[in-house]
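Only one structure is covered here, and it is reproduced in the block below.
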Amino acid sequence: MLEIKNLKASINNKTILKGLSLSIKPGELHAIMGPNGSGKSTLANVLSGKDGYNISGELNFKGESLKDVPVEKRAQKGIFLAFQYPLEIPGVNTNNFLKTSLNSLRKSKGEKELDSLAFLKLVKEKSSELGIDEKILSRQLNVGFSGGEKKKNEILQMKILDPNLSILDETDSGLDIDALKIIAKGVNSSRDSKKSFLVITHYQRLLDYIKPDFVHVLSDGKIIKTGCGELAEELEKTGYKKLN
Amino acid sequence: MKQQELEKAKEYKYGFTTDIESIRAPKGLNEDIIKFISEIKKEPKWMLDWRLKAFSRLKNMKEPNWQKPKYPKINYQDLYYYSAPKSSNEKPKSLDDVDPKLIETYKKLGIPLKEQEKLAGVAVDAVFDSVSVATTFKDKLTEKGIIFCPISEAIQKHPELVKKYLGSVIPITDHYFATLNSAVFTDGSFVYIPKNVRCPMELSTYFRINASETGQFERTLIIADEGSYVSYLEGCTAPMRDENQLHAANVELIALDDAEIKYSTVQNWYPGDENGKGGIYNFVTKRGACRGKNSKISWTQVETGSAITWKYPSCILQGDNSVGEFYSIAITNNHQKADTGTKMIHLGKNTKSKIISKGISAGKADNTYRGLVDINKKALNSRNYTQCDSLLMGNKCGAHTIPYIKNKNSSSIVEHEATTSKINEEQLYYCNQRGLNQEEAVGLIVNGFCKEVLQQLPMEFAVEAQKLVGISLEGSVG
Ligand SMILES: Nc1ncnc2c1ncn2[C@@H]1O[C@H](COP(=O)(O)OP(=O)(O)O)[C@@H](O)[C@H]1O
Ligand SMILES: [Mg+2]
């Protein structure tokens with residue numbers, strides 16, 4: 001699904017990713033853990049195709065290079081990023097945004113666009129499945145949303161857009177246990193043999209609810225350790241420092 | 001070169017020219033030209049006298065210079081004041097007699113004059129340069145006693161109405177461009193809705209400038225008699241030319257007791273190229289009088305075209321309990337300049353006005369909201385609510401808000417809110433990550449920003465306007 005080889009990324013003359021390699025197969029869920037400032041969000045941004053980075057190394061998605069593929073094309077190919085800090089867009093109705101988004105993705109795959117009725121049905125189904133109050137969808141996109149509402153909204157979008165590769169950037173940070181469970185449910189209910197996940201987290205807590213196939217430790221722009229689920233628990237006990 | 005032209009045509013898709021034989025008055029502004037216009041329109045003497053009076057006043061007037069956008073001096077002697085397709089000389093009796101080239105032109109503009117008759121619930125008056133070339137649905141409207149015709153025809157057939165109301169809202173000597181219009185106006189629409197009649201369809205005029213070096217001086221007069229209702233919409237386009245062309249229109253609305261007029265504009269005159277060459281000077285005077293009690297006038301405008309736009313559609317709230325509204329979207333891109341807003345003059349008691357203005361600037365454009373709320377001493381218990389929002393795209397454009405407020409009695413309340421925001425790269429990135437391309441993302445954000453105004457447009461035009469908003473800003477980010 002995703003093949004990263006010796007990825008280096010810098011911005012504003014600062015090198016943040018310093019030779020990172022990672023391979024994610026269909027059906028796998030990888031967790032990336034690491035201290036603040038280690039480059040986790042940068043990795044997520046670079047994978048999504050965000051402008052402004054100087055990049056070297058190889059980046060392949062579904063066997064094709066992502067070089068020079070713009071953000072929206074990557075999204076259309078099936079990459080989804082749940083943002084660490086979802087942005088407010090005043091005036092834009094959340095439902096309308098999601099519908100436009102879904103239909104852009106469908107159009108790019110040559111599928112028929114959903115009409116309002118079919119879309120609302122889909123939204124109802126997915127939000128009740130996750131236990132998210134669909135009322136937030138009739139508000140302006142992320143405007144005045146609480147931290148938890150913003151994160152739930154990202155997960156609901158993930159459910160509705162149904163991507164092949166979902167990248168979650170600290171979606172669990174700052175959430176209470178109920179919200180955390182909703183996020184976990186969103187991920188677990190989507191897992192199947194074709195979908196892949198890259199779950200970025202700062203705490204081990206989320207991994208009590210989401211079982212990763214692999215855990216990687218990112219430090220200073222490099223993956224310094226890879227293991228299975230137990231690595232997370234070990235980290236919780238010893239902290240990141242010991243690994244260096 | 002070819003490729004470049006194609007690219008250009010994509011940006012402004014109404015930029016084509018119709019190759020049609022036309023009759024023109026010689027260049028220049030003088031009494032003979034005014035007599036020529038009056039004669040070719042077969043006007044009665046009182047109309048010619050009215051024009052000449054305006055012209056004699058014009059000689060002592062100066063162009064206004066308080067607006068923000070400046071423009072090179074216009075040589076009024078170097079313009080044509082009348083141009084009409086030859087085929088329209090003998091007024092066509094029915095649509096079947098209209099020159100096929102003209103029918104084709106309007107079809108290309110998205111106004112199918114023929115099909116329109118059978119299809120949508122919209123009656124259209126099509127004005128091409130200086131003449132009205134076709135009006136649809138006439139019979140259906142006549143049944144209800146509604147008059148919807150070119151103003152040149154109204155002058156001949158309904159002189160009592162025209163005499164009574166023409167110039168009653170915009171006096172002949174109001175200001176330079178209004179007076180110029182009074183002297184040389186050529187065509188436009190006339191609407192009269194009789195007492196207690198609700199006009200059963202949208203009335204619409206489509207203005208097209210085709211000829212070069214020609215000014216278009218449109219005159220529109222709408223009268224809603226007691227208890228009546230009408231919704232009217234105008235649309236405008238022009239070919240792409242390197243020269244600047246002048247469009248100086250006067251629009252007067254009169255609402256009597258309990259009557260309501262809803263006037264919507266989708267202005268998409270050629271804005272000039274990305275370097276600011278060419279484009280229409282859109283210097284327009286629009287004013288409505290809520291003359292009767294409980295009357296209402298609502299202006300909605302979507303201004304996306306023109307090199308320079310100056311217009312302040314206004315309401316004079318004379319009748320007690322009358323209501324004036326102004327909903328505006330003004331978009332400026334590249335080198336476009338807009339100075340637009342409204343005047344709400346409260347004279348009657350319990351009068352209400354509402355102003356919602358959304359200005360969007362991109363490129364090197366400049367956008368000014370300029371408004372006046374004037375609550376008279378006798379206009380007790382009146383209210384105004386004003387909201388002016390500006391959206392900036394990039395760092396080279398400008399937005400300005402200039403609200404004047406004069407509240408002369410203590411029982412009235414005026415509220416004003418203003419915001420300025422910027423579309424930022426992060427918002428676009430968020431949208432892109434959800435699969436929207438740059439244009440879709442900008443369209444979504446901008447349409448969200450102006451939703452309150454778009455909602456005011458008649459259904460039939462809201463979708464078009466929404467698309468237009470997106471297109472006008474194409475290429476302005478990233
Ligand atoms: N646009 C930028 N310009 C300069 N430095 C940046 C920029 N973005 C991130 N950084 C720096 O790069 C490092 C990694 O940031 P980030 O990827 O956000 O870390 P994490 O998500 O792991 O906390 C930090 O030191 C941060 O300050
Ligand atoms: Mg981060």
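Chain labels A, B, ... are given in the sequence in which chains occur in the structure tokens; within each chain residues are numbered consecutively from 1, and ligands are likewise numbered from 1 in the order shown.
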Within 8 Å of chain A, which residues of chain B show up when using only C-alpha atoms, listed as a list in words?
Glu426, Gln427, Tyr429, Tyr430, Cys431, Asn432, Gln433, Arg434, Gly435, Leu436, Asn437, Leu444, Ile445, Asn447, Gly448, Phe449, Cys450 and Lys451 of chain B
Could you dump the residues just selected with N, CA, C and O atoms as a JSON list (two decimals), in the first residue's frame?
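Final file, out.json:
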[["chain", "number", "residue", "atom", "x", "y", "z"],
["B", 426, "GLU", "N", -3.82, 27.27, 4.65],
["B", 426, "GLU", "CA", -4.15, 26.10, 5.47],
["B", 426, "GLU", "C", -5.58, 25.64, 5.22],
["B", 426, "GLU", "O", -5.86, 24.44, 5.17],
["B", 427, "GLN", "N", -6.50, 26.61, 5.06],
["B", 427, "GLN", "CA", -7.89, 26.24, 4.76],
["B", 427, "GLN", "C", -7.97, 25.52, 3.43],
["B", 427, "GLN", "O", -8.68, 24.52, 3.27],
["B", 429, "TYR", "N", -5.57, 23.88, 1.97],
["B", 429, "TYR", "CA", -4.92, 22.58, 2.14],
["B", 429, "TYR", "C", -5.90, 21.57, 2.74],
["B", 429, "TYR", "O", -6.01, 20.44, 2.29],
["B", 430, "TYR", "N", -6.63, 22.02, 3.74],
["B", 430, "TYR", "CA", -7.64, 21.14, 4.37],
["B", 430, "TYR", "C", -8.63, 20.64, 3.32],
["B", 430, "TYR", "O", -8.92, 19.45, 3.23],
["B", 431, "CYS", "N", -9.13, 21.55, 2.52],
["B", 431, "CYS", "CA", -10.09, 21.17, 1.47],
["B", 431, "CYS", "C", -9.44, 20.25, 0.44],
["B", 431, "CYS", "O", -10.03, 19.27, 0.01],
["B", 432, "ASN", "N", -8.21, 20.59, 0.03],
["B", 432, "ASN", "CA", -7.51, 19.76, -0.95],
["B", 432, "ASN", "C", -7.35, 18.34, -0.43],
["B", 432, "ASN", "O", -7.51, 17.37, -1.16],
["B", 433, "GLN", "N", -7.04, 18.22, 0.86],
["B", 433, "GLN", "CA", -6.84, 16.90, 1.44],
["B", 433, "GLN", "C", -8.13, 16.08, 1.39],
["B", 433, "GLN", "O", -8.11, 14.86, 1.42],
["B", 434, "ARG", "N", -9.25, 16.76, 1.29],
["B", 434, "ARG", "CA", -10.51, 16.03, 1.18],
["B", 434, "ARG", "C", -10.93, 15.83, -0.27],
["B", 434, "ARG", "O", -12.07, 15.53, -0.56],
["B", 435, "GLY", "N", -9.98, 16.05, -1.18],
["B", 435, "GLY", "CA", -10.24, 15.73, -2.58],
["B", 435, "GLY", "C", -10.70, 16.88, -3.44],
["B", 435, "GLY", "O", -10.94, 16.71, -4.64],
["B", 436, "LEU", "N", -10.86, 18.06, -2.86],
["B", 436, "LEU", "CA", -11.31, 19.20, -3.67],
["B", 436, "LEU", "C", -10.12, 19.86, -4.33],
["B", 436, "LEU", "O", -9.09, 20.06, -3.68],
["B", 437, "ASN", "N", -10.24, 20.20, -5.60],
["B", 437, "ASN", "CA", -9.14, 20.93, -6.23],
["B", 437, "ASN", "C", -9.22, 22.41, -5.84],
["B", 437, "ASN", "O", -10.17, 22.83, -5.18],
["B", 444, "LEU", "N", -16.06, 26.82, -2.71],
["B", 444, "LEU", "CA", -16.78, 26.41, -1.51],
["B", 444, "LEU", "C", -16.64, 27.46, -0.40],
["B", 444, "LEU", "O", -17.62, 27.86, 0.23],
["B", 445, "ILE", "N", -15.42, 27.91, -0.19],
["B", 445, "ILE", "CA", -15.18, 28.87, 0.88],
["B", 445, "ILE", "C", -15.86, 30.20, 0.56],
["B", 445, "ILE", "O", -16.53, 30.81, 1.40],
["B", 447, "ASN", "N", -18.37, 30.75, -1.56],
["B", 447, "ASN", "CA", -19.83, 30.63, -1.54],
["B", 447, "ASN", "C", -20.36, 30.58, -0.12],
["B", 447, "ASN", "O", -21.44, 31.09, 0.16],
["B", 448, "GLY", "N", -19.58, 29.96, 0.76],
["B", 448, "GLY", "CA", -19.96, 29.96, 2.17],
["B", 448, "GLY", "C", -19.97, 31.37, 2.72],
["B", 448, "GLY", "O", -20.88, 31.78, 3.44],
["B", 449, "PHE", "N", -18.98, 32.13, 2.32],
["B", 449, "PHE", "CA", -18.84, 33.51, 2.76],
["B", 449, "PHE", "C", -20.03, 34.37, 2.29],
["B", 449, "PHE", "O", -20.50, 35.24, 3.01],
["B", 450, "CYS", "N", -20.51, 34.12, 1.09],
["B", 450, "CYS", "CA", -21.59, 34.99, 0.59],
["B", 450, "CYS", "C", -22.96, 34.33, 0.59],
["B", 450, "CYS", "O", -23.88, 34.82, -0.07],
["B", 451, "LYS", "N", -23.11, 33.26, 1.31],
["B", 451, "LYS", "CA", -24.35, 32.50, 1.30],
["B", 451, "LYS", "C", -25.60, 33.35, 1.58],
["B", 451, "LYS", "O", -26.60, 33.25, 0.88]]
Write as a PDB file with all heavy atoms, in the first residue's frame the residues around ligand 2, taking 10 Å as the cut-off and counting only C-alpha atoms and all ligand atoms.
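File written: part.pdb
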ATOM      1  N   GLY A  34       6.199   8.909  19.333  1.00  0.00           N
ATOM      2  CA  GLY A  34       7.418   9.703  19.410  1.00  0.00           C
ATOM      3  C   GLY A  34       7.176  10.959  20.198  1.00  0.00           C
ATOM      4  O   GLY A  34       6.030  11.408  20.313  1.00  0.00           O
ATOM      5  N   PRO A  35       8.238  11.528  20.740  1.00  0.00           N
ATOM      6  CA  PRO A  35       8.075  12.735  21.540  1.00  0.00           C
ATOM      7  C   PRO A  35       7.656  13.935  20.683  1.00  0.00           C
ATOM      8  O   PRO A  35       7.754  13.883  19.451  1.00  0.00           O
ATOM      9  CB  PRO A  35       9.475  12.957  22.131  1.00  0.00           C
ATOM     10  CG  PRO A  35      10.407  12.197  21.252  1.00  0.00           C
ATOM     11  CD  PRO A  35       9.626  11.069  20.656  1.00  0.00           C
ATOM     12  N   ASN A  36       7.229  14.980  21.338  1.00  0.00           N
ATOM     13  CA  ASN A  36       6.868  16.208  20.637  1.00  0.00           C
ATOM     14  C   ASN A  36       8.060  16.712  19.834  1.00  0.00           C
ATOM     15  O   ASN A  36       9.182  16.679  20.315  1.00  0.00           O
ATOM     16  CB  ASN A  36       6.454  17.293  21.639  1.00  0.00           C
ATOM     17  CG  ASN A  36       5.033  17.068  22.118  1.00  0.00           C
ATOM     18  OD1 ASN A  36       4.203  16.536  21.378  1.00  0.00           O
ATOM     19  ND2 ASN A  36       4.773  17.447  23.353  1.00  0.00           N
ATOM     20  N   GLY A  37       7.773  17.151  18.645  1.00  0.00           N
ATOM     21  CA  GLY A  37       8.831  17.736  17.834  1.00  0.00           C
ATOM     22  C   GLY A  37       9.688  16.719  17.103  1.00  0.00           C
ATOM     23  O   GLY A  37      10.667  17.075  16.462  1.00  0.00           O
ATOM     24  N   SER A  38       9.308  15.425  17.147  1.00  0.00           N
ATOM     25  CA  SER A  38      10.130  14.415  16.491  1.00  0.00           C
ATOM     26  C   SER A  38       9.859  14.349  14.982  1.00  0.00           C
ATOM     27  O   SER A  38      10.621  13.720  14.249  1.00  0.00           O
ATOM     28  CB  SER A  38       9.897  13.049  17.141  1.00  0.00           C
ATOM     29  OG  SER A  38       8.531  12.725  17.114  1.00  0.00           O
ATOM     30  N   GLY A  39       8.780  14.983  14.545  1.00  0.00           N
ATOM     31  CA  GLY A  39       8.499  15.010  13.103  1.00  0.00           C
ATOM     32  C   GLY A  39       7.276  14.216  12.686  1.00  0.00           C
ATOM     33  O   GLY A  39       7.075  13.961  11.498  1.00  0.00           O
ATOM     34  N   LYS A  40       6.424  13.883  13.648  1.00  0.00           N
ATOM     35  CA  LYS A  40       5.246  13.050  13.333  1.00  0.00           C
ATOM     36  C   LYS A  40       4.284  13.779  12.386  1.00  0.00           C
ATOM     37  O   LYS A  40       3.858  13.234  11.368  1.00  0.00           O
ATOM     38  CB  LYS A  40       4.517  12.662  14.627  1.00  0.00           C
ATOM     39  CG  LYS A  40       5.395  11.894  15.615  1.00  0.00           C
ATOM     40  CD  LYS A  40       4.608  11.393  16.814  1.00  0.00           C
ATOM     41  CE  LYS A  40       3.995  12.490  17.678  1.00  0.00           C
ATOM     42  NZ  LYS A  40       4.973  13.385  18.335  1.00  0.00           N
ATOM     43  N   SER A  41       3.931  15.027  12.733  1.00  0.00           N
ATOM     44  CA  SER A  41       3.007  15.774  11.878  1.00  0.00           C
ATOM     45  C   SER A  41       3.638  16.080  10.529  1.00  0.00           C
ATOM     46  O   SER A  41       2.962  16.075   9.496  1.00  0.00           O
ATOM     47  CB  SER A  41       2.589  17.087  12.540  1.00  0.00           C
ATOM     48  OG  SER A  41       1.794  16.817  13.673  1.00  0.00           O
ATOM     49  N   THR A  42       4.930  16.314  10.538  1.00  0.00           N
ATOM     50  CA  THR A  42       5.627  16.569   9.269  1.00  0.00           C
ATOM     51  C   THR A  42       5.488  15.357   8.350  1.00  0.00           C
ATOM     52  O   THR A  42       5.214  15.500   7.156  1.00  0.00           O
ATOM     53  CB  THR A  42       7.109  16.884   9.531  1.00  0.00           C
ATOM     54  OG1 THR A  42       7.178  18.011  10.404  1.00  0.00           O
ATOM     55  CG2 THR A  42       7.843  17.191   8.238  1.00  0.00           C
ATOM     56  N   LEU A  43       5.663  14.165   8.910  1.00  0.00           N
ATOM     57  CA  LEU A  43       5.507  12.946   8.111  1.00  0.00           C
ATOM     58  C   LEU A  43       4.090  12.873   7.521  1.00  0.00           C
ATOM     59  O   LEU A  43       3.916  12.601   6.329  1.00  0.00           O
ATOM     60  CB  LEU A  43       5.790  11.710   8.982  1.00  0.00           C
ATOM     61  CG  LEU A  43       5.527  10.358   8.315  1.00  0.00           C
ATOM     62  CD1 LEU A  43       6.442  10.147   7.105  1.00  0.00           C
ATOM     63  CD2 LEU A  43       5.708   9.198   9.311  1.00  0.00           C
ATOM     64  N   ALA A  44       3.090  13.143   8.367  1.00  0.00           N
ATOM     65  CA  ALA A  44       1.702  13.101   7.893  1.00  0.00           C
ATOM     66  C   ALA A  44       1.492  14.122   6.769  1.00  0.00           C
ATOM     67  O   ALA A  44       0.893  13.814   5.731  1.00  0.00           O
ATOM     68  CB  ALA A  44       0.741  13.383   9.054  1.00  0.00           C
ATOM     69  N   ASN A  45       1.996  15.337   6.964  1.00  0.00           N
ATOM     70  CA  ASN A  45       1.847  16.385   5.948  1.00  0.00           C
ATOM     71  C   ASN A  45       2.525  16.007   4.637  1.00  0.00           C
ATOM     72  O   ASN A  45       1.965  16.196   3.554  1.00  0.00           O
ATOM     73  CB  ASN A  45       2.460  17.699   6.453  1.00  0.00           C
ATOM     74  CG  ASN A  45       1.644  18.309   7.572  1.00  0.00           C
ATOM     75  OD1 ASN A  45       0.491  17.941   7.786  1.00  0.00           O
ATOM     76  ND2 ASN A  45       2.246  19.229   8.306  1.00  0.00           N
ATOM     77  N   PHE A  83      -6.530  15.434  10.790  1.00  0.00           N
ATOM     78  CA  PHE A  83      -5.555  16.421  11.231  1.00  0.00           C
ATOM     79  C   PHE A  83      -5.423  16.509  12.747  1.00  0.00           C
ATOM     80  O   PHE A  83      -6.402  16.339  13.475  1.00  0.00           O
ATOM     81  CB  PHE A  83      -5.930  17.805  10.696  1.00  0.00           C
ATOM     82  CG  PHE A  83      -5.710  17.937   9.221  1.00  0.00           C
ATOM     83  CD1 PHE A  83      -6.736  17.638   8.325  1.00  0.00           C
ATOM     84  CD2 PHE A  83      -4.486  18.340   8.727  1.00  0.00           C
ATOM     85  CE1 PHE A  83      -6.534  17.748   6.962  1.00  0.00           C
ATOM     86  CE2 PHE A  83      -4.278  18.452   7.365  1.00  0.00           C
ATOM     87  CZ  PHE A  83      -5.297  18.157   6.479  1.00  0.00           C
ATOM     88  N   GLN A  84      -4.207  16.840  13.173  1.00  0.00           N
ATOM     89  CA  GLN A  84      -3.996  17.070  14.601  1.00  0.00           C
ATOM     90  C   GLN A  84      -4.784  18.298  15.054  1.00  0.00           C
ATOM     91  O   GLN A  84      -5.403  18.295  16.102  1.00  0.00           O
ATOM     92  CB  GLN A  84      -2.495  17.267  14.880  1.00  0.00           C
ATOM     93  CG  GLN A  84      -2.201  17.456  16.350  1.00  0.00           C
ATOM     94  CD  GLN A  84      -0.699  17.464  16.649  1.00  0.00           C
ATOM     95  OE1 GLN A  84       0.142  17.420  15.735  1.00  0.00           O
ATOM     96  NE2 GLN A  84      -0.351  17.498  17.913  1.00  0.00           N
ATOM     97  N   TYR A  85      -4.766  19.328  14.216  1.00  0.00           N
ATOM     98  CA  TYR A  85      -5.528  20.543  14.529  1.00  0.00           C
ATOM     99  C   TYR A  85      -6.462  20.886  13.367  1.00  0.00           C
ATOM    100  O   TYR A  85      -6.112  21.681  12.503  1.00  0.00           O
ATOM    101  CB  TYR A  85      -4.574  21.721  14.784  1.00  0.00           C
ATOM    102  CG  TYR A  85      -3.557  21.446  15.864  1.00  0.00           C
ATOM    103  CD1 TYR A  85      -2.211  21.252  15.554  1.00  0.00           C
ATOM    104  CD2 TYR A  85      -3.953  21.364  17.203  1.00  0.00           C
ATOM    105  CE1 TYR A  85      -1.276  20.988  16.550  1.00  0.00           C
ATOM    106  CE2 TYR A  85      -3.024  21.090  18.203  1.00  0.00           C
ATOM    107  CZ  TYR A  85      -1.687  20.906  17.868  1.00  0.00           C
ATOM    108  OH  TYR A  85      -0.768  20.636  18.847  1.00  0.00           O
ATOM    109  N   ASP A 169      -3.392  11.793  12.824  1.00  0.00           N
ATOM    110  CA  ASP A 169      -2.329  12.534  13.505  1.00  0.00           C
ATOM    111  C   ASP A 169      -2.790  12.948  14.900  1.00  0.00           C
ATOM    112  O   ASP A 169      -3.540  13.905  15.051  1.00  0.00           O
ATOM    113  CB  ASP A 169      -1.929  13.759  12.672  1.00  0.00           C
ATOM    114  CG  ASP A 169      -0.689  14.448  13.238  1.00  0.00           C
ATOM    115  OD1 ASP A 169      -0.111  13.947  14.225  1.00  0.00           O
ATOM    116  OD2 ASP A 169      -0.299  15.493  12.675  1.00  0.00           O
ATOM    117  N   GLU A 170      -2.356  12.224  15.888  1.00  0.00           N
ATOM    118  CA  GLU A 170      -2.706  12.498  17.290  1.00  0.00           C
ATOM    119  C   GLU A 170      -4.190  12.770  17.478  1.00  0.00           C
ATOM    120  O   GLU A 170      -4.581  13.701  18.174  1.00  0.00           O
ATOM    121  CB  GLU A 170      -1.886  13.672  17.837  1.00  0.00           C
ATOM    122  CG  GLU A 170      -0.417  13.318  17.962  1.00  0.00           C
ATOM    123  CD  GLU A 170       0.303  14.173  19.003  1.00  0.00           C
ATOM    124  OE1 GLU A 170      -0.332  14.527  20.008  1.00  0.00           O
ATOM    125  OE2 GLU A 170       1.497  14.453  18.795  1.00  0.00           O
ATOM    126  N   THR A 171      -5.007  11.964  16.813  1.00  0.00           N
ATOM    127  CA  THR A 171      -6.443  12.150  16.939  1.00  0.00           C
ATOM    128  C   THR A 171      -6.885  11.922  18.383  1.00  0.00           C
ATOM    129  O   THR A 171      -7.902  12.432  18.824  1.00  0.00           O
ATOM    130  CB  THR A 171      -7.174  11.185  15.975  1.00  0.00           C
ATOM    131  OG1 THR A 171      -6.634  11.385  14.671  1.00  0.00           O
ATOM    132  CG2 THR A 171      -8.652  11.443  15.926  1.00  0.00           C
ATOM    133  N   SER A 173      -5.179  12.850  21.125  1.00  0.00           N
ATOM    134  CA  SER A 173      -4.682  13.807  22.120  1.00  0.00           C
ATOM    135  C   SER A 173      -5.801  14.676  22.672  1.00  0.00           C
ATOM    136  O   SER A 173      -6.627  15.189  21.925  1.00  0.00           O
ATOM    137  CB  SER A 173      -3.607  14.700  21.503  1.00  0.00           C
ATOM    138  OG  SER A 173      -2.441  13.943  21.336  1.00  0.00           O
ATOM    139  N   ILE A 200      -0.797   7.929  14.327  1.00  0.00           N
ATOM    140  CA  ILE A 200       0.241   8.666  15.045  1.00  0.00           C
ATOM    141  C   ILE A 200      -0.293   9.019  16.424  1.00  0.00           C
ATOM    142  O   ILE A 200      -1.401   9.553  16.547  1.00  0.00           O
ATOM    143  CB  ILE A 200       0.588   9.969  14.295  1.00  0.00           C
ATOM    144  CG1 ILE A 200       1.202   9.629  12.933  1.00  0.00           C
ATOM    145  CG2 ILE A 200       1.525  10.843  15.124  1.00  0.00           C
ATOM    146  CD1 ILE A 200       1.373  10.821  12.027  1.00  0.00           C
ATOM    147  N   THR A 201       0.475   8.685  17.424  1.00  0.00           N
ATOM    148  CA  THR A 201       0.005   9.003  18.762  1.00  0.00           C
ATOM    149  C   THR A 201       1.168   9.332  19.681  1.00  0.00           C
ATOM    150  O   THR A 201       2.301   8.907  19.462  1.00  0.00           O
ATOM    151  CB  THR A 201      -0.862   7.863  19.345  1.00  0.00           C
ATOM    152  OG1 THR A 201      -1.259   8.225  20.659  1.00  0.00           O
ATOM    153  CG2 THR A 201      -0.082   6.558  19.409  1.00  0.00           C
ATOM    154  N   HIS A 202       0.870  10.087  20.670  1.00  0.00           N
ATOM    155  CA  HIS A 202       1.898  10.500  21.608  1.00  0.00           C
ATOM    156  C   HIS A 202       1.852   9.600  22.844  1.00  0.00           C
ATOM    157  O   HIS A 202       2.825   9.437  23.549  1.00  0.00           O
ATOM    158  CB  HIS A 202       1.641  11.957  21.980  1.00  0.00           C
ATOM    159  CG  HIS A 202       2.701  12.553  22.843  1.00  0.00           C
ATOM    160  ND1 HIS A 202       3.985  12.768  22.398  1.00  0.00           N
ATOM    161  CD2 HIS A 202       2.676  12.978  24.120  1.00  0.00           C
ATOM    162  CE1 HIS A 202       4.695  13.306  23.362  1.00  0.00           C
ATOM    163  NE2 HIS A 202       3.937  13.432  24.430  1.00  0.00           N
TER     164      HIS A 202
END
Expressed in Å to a single decimal, how great is the separation between CA of Ala289 in chain B and CA of Phe217 in chain B?
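Distance between the two atoms: 21.3 Å.
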DSSP alpha helix (DSSP H) residues within range 63-241 of chain A, as a ChimeraX atom specification
/A:71-77,94-108,116-130,147-161,177-188,229-238
Quick one: everything within 12 Å of Gln216 in chain B, counting only C-alpha atoms, minus sequence neighbours fewer than 6 positions away in the same chain. Send it as a PyMOL selection string.
chain B and resi 79-84+127-131+177+180-181+184-188+207-210+236-238+245-250+269+280-284
